[in-house]
Amino acid sequence: MGNILRPILMFTGNYSSDSSLNRVGVKNTFSLMKQAFFTSNGLNLQEKDSCLIEDMPYVKAYEKLQEYIESLISSDIVFFYFCGHGFPDYKNKTVILSTTDTTKKNKDRCGIKHIDLIELLKNNGISRYIIVFDCCQAGFLCGMGEESIDKSFDIKMIDKSIQNAVYISSTLRDEETIQKEIDGKFYIPFSYHFANYILNRPKMTDLELSIHEIFDAVDENLKNDSEYLATCTSQQKGTLWDEKIFEIYSQSKSIDTSSGFLFSTYFNSTQLKVLLVKTAIKHPISKYDDFGVPLGLYVLKGHLSTSGLSIKVDIYDERLELRKCEGDTKAKEKVYDKFKTLVKRYDVIGVSMCTSEVFPAMEKFQIAKDAMKITFCGGVFTSSNEKYLLSSGLVDYVIPGVGTKPTTSLLAQLAIDKIQNTLGKTNIRIDGVASKNDINQFDGVWVPTTLPVMRRAMWIEILREYGPYLKDEKTGKSRMDVYTARGCSRNCTFCSVQKESRQVQLQKPLDCVIDEIKYLQSQGIEYFSIKDEDLLSDPQRLFELLGAVKQEGILFKIRARYDEMNNLNVPFERLRELGVDEIQYGIESPDIHVSRNVKKGFPRKPIENELIDFIRKHAEYGITANCSFILGIEGEDEKYYDDLMDFITKIYDDKSKPKIYINFLTPHPVNSSFPTQNYNLATNNLNLFTHKYPVCYAKGSDFGIRKKMLETYDNIVSYTNSQNYNPPLNKMPENLKKLFTNGKSKIRPDIIPQYTGKEE
């Protein structure tokens, strides 16, 4: 389907609070405008596919406007037209659009700011729009009319991210428009000539018009009108200004308007079609998968949808498709085959991958290459393994880390190539992107300087797709992950976040986070998991956030560091009052000497006893302590495992039942090899690098230590009844178990990792 024109016509001529503001010319003009848009003599659009706001109070008008815009899809093109009083907002350099209850005194509360309108459009994925303001003070659309700004004003001052928009104003700032008697009726001149030009177009059988042509015709009429003292002007970017988007047909022509008014097929035929993929890992079995919404992919999709590029972006989550199958084995088999058919519809296939997702991702890339598609990947694993990925012959481009900016630049060039019919034939060079054509061009990870905000349109899409699968197992409430910041200032050796963030934490604007959570609450989400890596680095921000979104029955899961919680003496009672239900801690080890070997950053003094008291204290306030531990760290011995089991029995009993997660130390490959240093690899099959299987061991450990480690793992899982998130090792491949316990692996750390599914 092509792009669909979505008119929003807002006309306000009657004012309930101040009748001196009434303008009968607005009502007459609106009647004429509807003829131009919705009759066969005009554009022949359908009112049911449009939004008409005539003489409505602020609350009702804004609700209707918001509801309509939220119902649109990113490929729609919005034509927003306002006619009525415009009030200046000198402080914010904006024009306020009047509603029926707007007066000069209450305009800040009862008027719609044009900057809020722009934000509403962008938050819902609308990247192409035309805005026409026929009102006094309309020049405040970016300070138009100031001496320092040309009459064609610089839209970048207010709408910095838009790539394809048109703004038209019937006045400069501080100018007033008028109503004028024409043929015995009062009209607003600019809008009168706009509608009149459409209704009395040149006598042609069919006609396609651009907004540029209509504007020029209106401007010419007003210049010849000695009574019209204001100056209309425009600001535009991109192709929309000259695109033939207003199509007028002769009355005898058959027109299908059942699904809205279709634009020229130009956009549809030249769109670059991109499929972003989230794969399902093979190990451990799906029961233990960390299923959730792939927020990163939706942020990227939202970012691309407002870039103004001719790109169609879809997301395929294989894990979601498998969830839909429930226990139907045959249906699951069809899911794996579905991708082979799906991939044929797209030009470009992109996959995000962490270490455990490499093998299934490479399977997807093989299918994509068999279908002759362009491929790219991004994510944690790609931050240091671009040479391996590009050498595989299955990946064309690598964007290491979370590279929104380089990804956009890459797809922008591919979109141009498709328009020019050179897709896949050019040697593309983009900063921050490694290419198969020049593997050595890449010299570092692109580090973001801002954290993208999730737009409303993306949340709507997420809720539609994932709604039935968002239940929290413990509470039964609908649950959603939310990011309020990204990055961590710490330097734990087992974590890759610091590499991407350069140990800098980026925070989303707090008002945006609050707005996101409040919207999700209104849609039935009652459990929020805040995924920040170091939330308590700014405790004041945490309490301000929770206080702003507190509601009866709403619960939160947060992440925190034990040392920060303990040092700050954060009151558990207050956290519980604000809805905190669970706090996740990366304990890693209760032994300070062992934890120091992974640079956890805990103080040097022993922490076992105070840590026991700290964890048990959560239960007193009805908060679950979620504690993760790592096995296999250098320095562990058989006594250590006895002490660890003793520690677990002291924190877990009838009164205190923390969640216990046990992970195995898992090295991250760097530069297509393993920097094992003090460790040996049991396997280099990354299909098994899920943190739930032992794939490496300390060089100082012997058979007894390694055997004791596996036994302790199973004992802890059994004692804490945590099989749902710690798979018993009887599910572990036997070959891996033998390689690990015997310690006879001959794998060299400097060889390229294997993704063949065969254990070495």
# chains A, B, ... in the order shown; residues from 1 in each chain; ligands from 1

$ residues_around --residues "Pro728 (chain A)" --least-positions-apart "3" --cutoff "10 Å" --atoms "only C-alpha atoms" --output "ChimeraX atom specification"
/A:284,692-693,710,713-715,717-718,722-725,731-732

$ write_last_selection --atoms "N, CA and C atoms" --output "short mmCIF file (atom, residue, chain, number, x, y, z; two decimals), in the first residue's frame"
data_model
loop_
_atom_site.label_atom_id
_atom_site.label_comp_id
_atom_site.auth_asym_id
_atom_site.auth_seq_id
_atom_site.Cartn_x
_atom_site.Cartn_y
_atom_site.Cartn_z
N PRO A 284 20.22 -22.51 27.03
CA PRO A 284 19.50 -23.71 27.42
C PRO A 284 18.14 -23.78 26.73
N LYS A 692 25.05 -20.18 31.46
CA LYS A 692 24.40 -21.25 32.21
C LYS A 692 25.14 -22.58 32.07
N TYR A 693 26.22 -22.59 31.31
CA TYR A 693 27.06 -23.77 31.18
C TYR A 693 28.50 -23.38 31.47
N LEU A 710 30.54 -28.09 40.05
CA LEU A 710 29.30 -28.55 39.41
C LEU A 710 28.34 -29.12 40.45
N TYR A 713 26.73 -26.26 42.32
CA TYR A 713 25.69 -25.63 41.51
C TYR A 713 24.37 -26.39 41.64
N ASP A 714 24.41 -27.68 41.42
CA ASP A 714 23.18 -28.48 41.51
C ASP A 714 22.59 -28.46 42.91
N ASN A 715 23.46 -28.47 43.94
CA ASN A 715 22.97 -28.43 45.32
C ASN A 715 22.25 -27.12 45.62
N VAL A 717 20.80 -25.07 43.42
CA VAL A 717 19.56 -25.04 42.63
C VAL A 717 18.49 -25.87 43.31
N SER A 718 18.87 -27.05 43.79
CA SER A 718 17.90 -27.92 44.46
C SER A 718 17.45 -27.31 45.79
N SER A 722 15.16 -23.41 42.51
CA SER A 722 15.27 -22.36 41.49
C SER A 722 15.50 -22.92 40.09
N GLN A 723 14.94 -24.11 39.83
CA GLN A 723 15.14 -24.76 38.52
C GLN A 723 14.56 -23.95 37.37
N ASN A 724 13.57 -23.08 37.65
CA ASN A 724 12.94 -22.32 36.57
C ASN A 724 13.91 -21.36 35.90
N TYR A 725 14.91 -20.91 36.63
CA TYR A 725 15.86 -19.97 36.01
C TYR A 725 17.31 -20.43 36.15
N LYS A 731 20.91 -31.33 31.99
CA LYS A 731 20.59 -30.87 30.64
C LYS A 731 21.85 -30.48 29.86
N MET A 732 22.96 -30.47 30.55
CA MET A 732 24.23 -30.05 29.95
C MET A 732 24.75 -31.12 28.98
#

$ select_by_dssp --residues "region 298-498 of chain A" --states "helix (DSSP H, G or I)" --output "ChimeraX atom specification"
/A:298-305,318-325,329-345,355-370,381-383,386-391,404-419,439-441,456-469,497-498

$ closest_residue --among "A:Ser191, A:Asn721, A:Gln366, A:Thr484" --to "Asn28 (chain A)" --atoms "only C-alpha atoms"
A:Ser191

$ residues_around --residues "region 68-70 of chain A" --least-positions-apart "3" --cutoff "9 Å" --atoms "only C-alpha atoms" --output "number ranges by chain"
A: 8, 50-51, 63-65, 73, 78, 120-121, 123-126, 456-457, 460

$ closest_residue --among "A:Lys639, A:Asp581, A:Met56, A:Val293" --to "Arg464 (chain A)" --atoms "only C-alpha atoms"
A:Val293

$ residues_around --residues "Gly635 (chain A)" --least-positions-apart "5" --cutoff "12 Å" --atoms "only C-alpha atoms" --output "PyMOL selection string"
chain A and resi 589+591-598+640-641+678-679+697-702+705

$ residues_around --residues "Pro590 (chain A)" --least-positions-apart "4" --cutoff "8 Å" --atoms "only C-alpha atoms" --output "list in words"
Ser595, Ile607, Glu608, Leu611, Leu644 and Phe647 of chain A

$ residues_around --residues "region 174-188 of chain A" --least-positions-apart "2" --cutoff "7 Å" --atoms "only C-alpha atoms" --output "MDAnalysis selection string"
chainID A and resid 24:26 28:29 135:137 171:172 190:192 230

$ write_last_selection --atoms "C-alpha atoms" --output "mmCIF file, in the first residue's frame"
data_model
loop_
_atom_site.group_PDB
_atom_site.id
_atom_site.type_symbol
_atom_site.label_atom_id
_atom_site.label_comp_id
_atom_site.auth_asym_id
_atom_site.auth_seq_id
_atom_site.Cartn_x
_atom_site.Cartn_y
_atom_site.Cartn_z
ATOM 1 C CA VAL A 24 -17.968 34.198 11.813
ATOM 2 C CA GLY A 25 -15.482 34.131 8.946
ATOM 3 C CA VAL A 26 -13.830 31.048 10.454
ATOM 4 C CA ASN A 28 -17.751 30.044 6.728
ATOM 5 C CA THR A 29 -14.194 29.232 5.757
ATOM 6 C CA CYS A 135 -3.953 32.826 12.409
ATOM 7 C CA CYS A 136 -2.473 35.875 14.078
ATOM 8 C CA GLN A 137 1.071 35.482 15.346
ATOM 9 C CA THR A 171 1.432 35.850 8.944
ATOM 10 C CA LEU A 172 4.839 36.767 10.270
ATOM 11 C CA PHE A 190 -5.607 32.817 3.278
ATOM 12 C CA SER A 191 -7.838 29.764 3.865
ATOM 13 C CA TYR A 192 -10.441 31.084 1.424
ATOM 14 C CA ALA A 230 0.069 40.276 6.485
#

$ select_by_dssp --residues "region 505-658 of chain A" --states "strand (DSSP E or B)" --output "list in words"
Leu506, Gln507, Tyr527, Phe528, Ser529, Ile530, Leu555, Phe556, Lys557, Ile558, Arg559, Ala560, Val580, Asp581, Glu582, Ile583, Gln584, Tyr585, Gly586, Ile587, Glu588, Thr624, Ala625, Asn626, Cys627, Ser628, Phe629, Ile630 and Leu631 of chain A

$ residues_around --residues "Arg23 (chain A)" --least-positions-apart "4" --cutoff "8 Å" --atoms "only C-alpha atoms" --output "NGL selection string"
:A and (13-14 or 27 or 84 or 179)

$ write_last_selection --atoms "N, CA, C and O atoms" --output "compact mmCIF listing (two decimals), in the first residue's frame"
# COMPACT_ATOMS: atom_id res chain seq x y z
N GLY A 13 -13.82 29.36 15.73
CA GLY A 13 -14.33 30.71 15.49
C GLY A 13 -15.24 31.24 16.58
O GLY A 13 -15.52 32.43 16.64
N ASN A 14 -15.72 30.35 17.46
CA ASN A 14 -16.60 30.76 18.56
C ASN A 14 -15.92 30.46 19.90
O ASN A 14 -15.35 29.38 20.09
N LYS A 27 -16.07 30.09 10.60
CA LYS A 27 -17.08 29.06 10.34
C LYS A 27 -17.37 28.94 8.85
O LYS A 27 -17.46 27.84 8.30
N GLY A 84 -8.01 30.06 13.13
CA GLY A 84 -8.63 30.61 14.34
C GLY A 84 -7.69 31.65 14.92
O GLY A 84 -6.87 32.23 14.21
N GLN A 179 -10.60 38.88 8.93
CA GLN A 179 -11.67 38.24 8.17
C GLN A 179 -12.19 39.29 7.18
O GLN A 179 -12.24 40.48 7.49

$ closest_residue --among "A:Val549, A:Leu272, A:Met362, A:Met454" --to "Gln413 (chain A)" --atoms "only C-alpha atoms"
A:Leu272
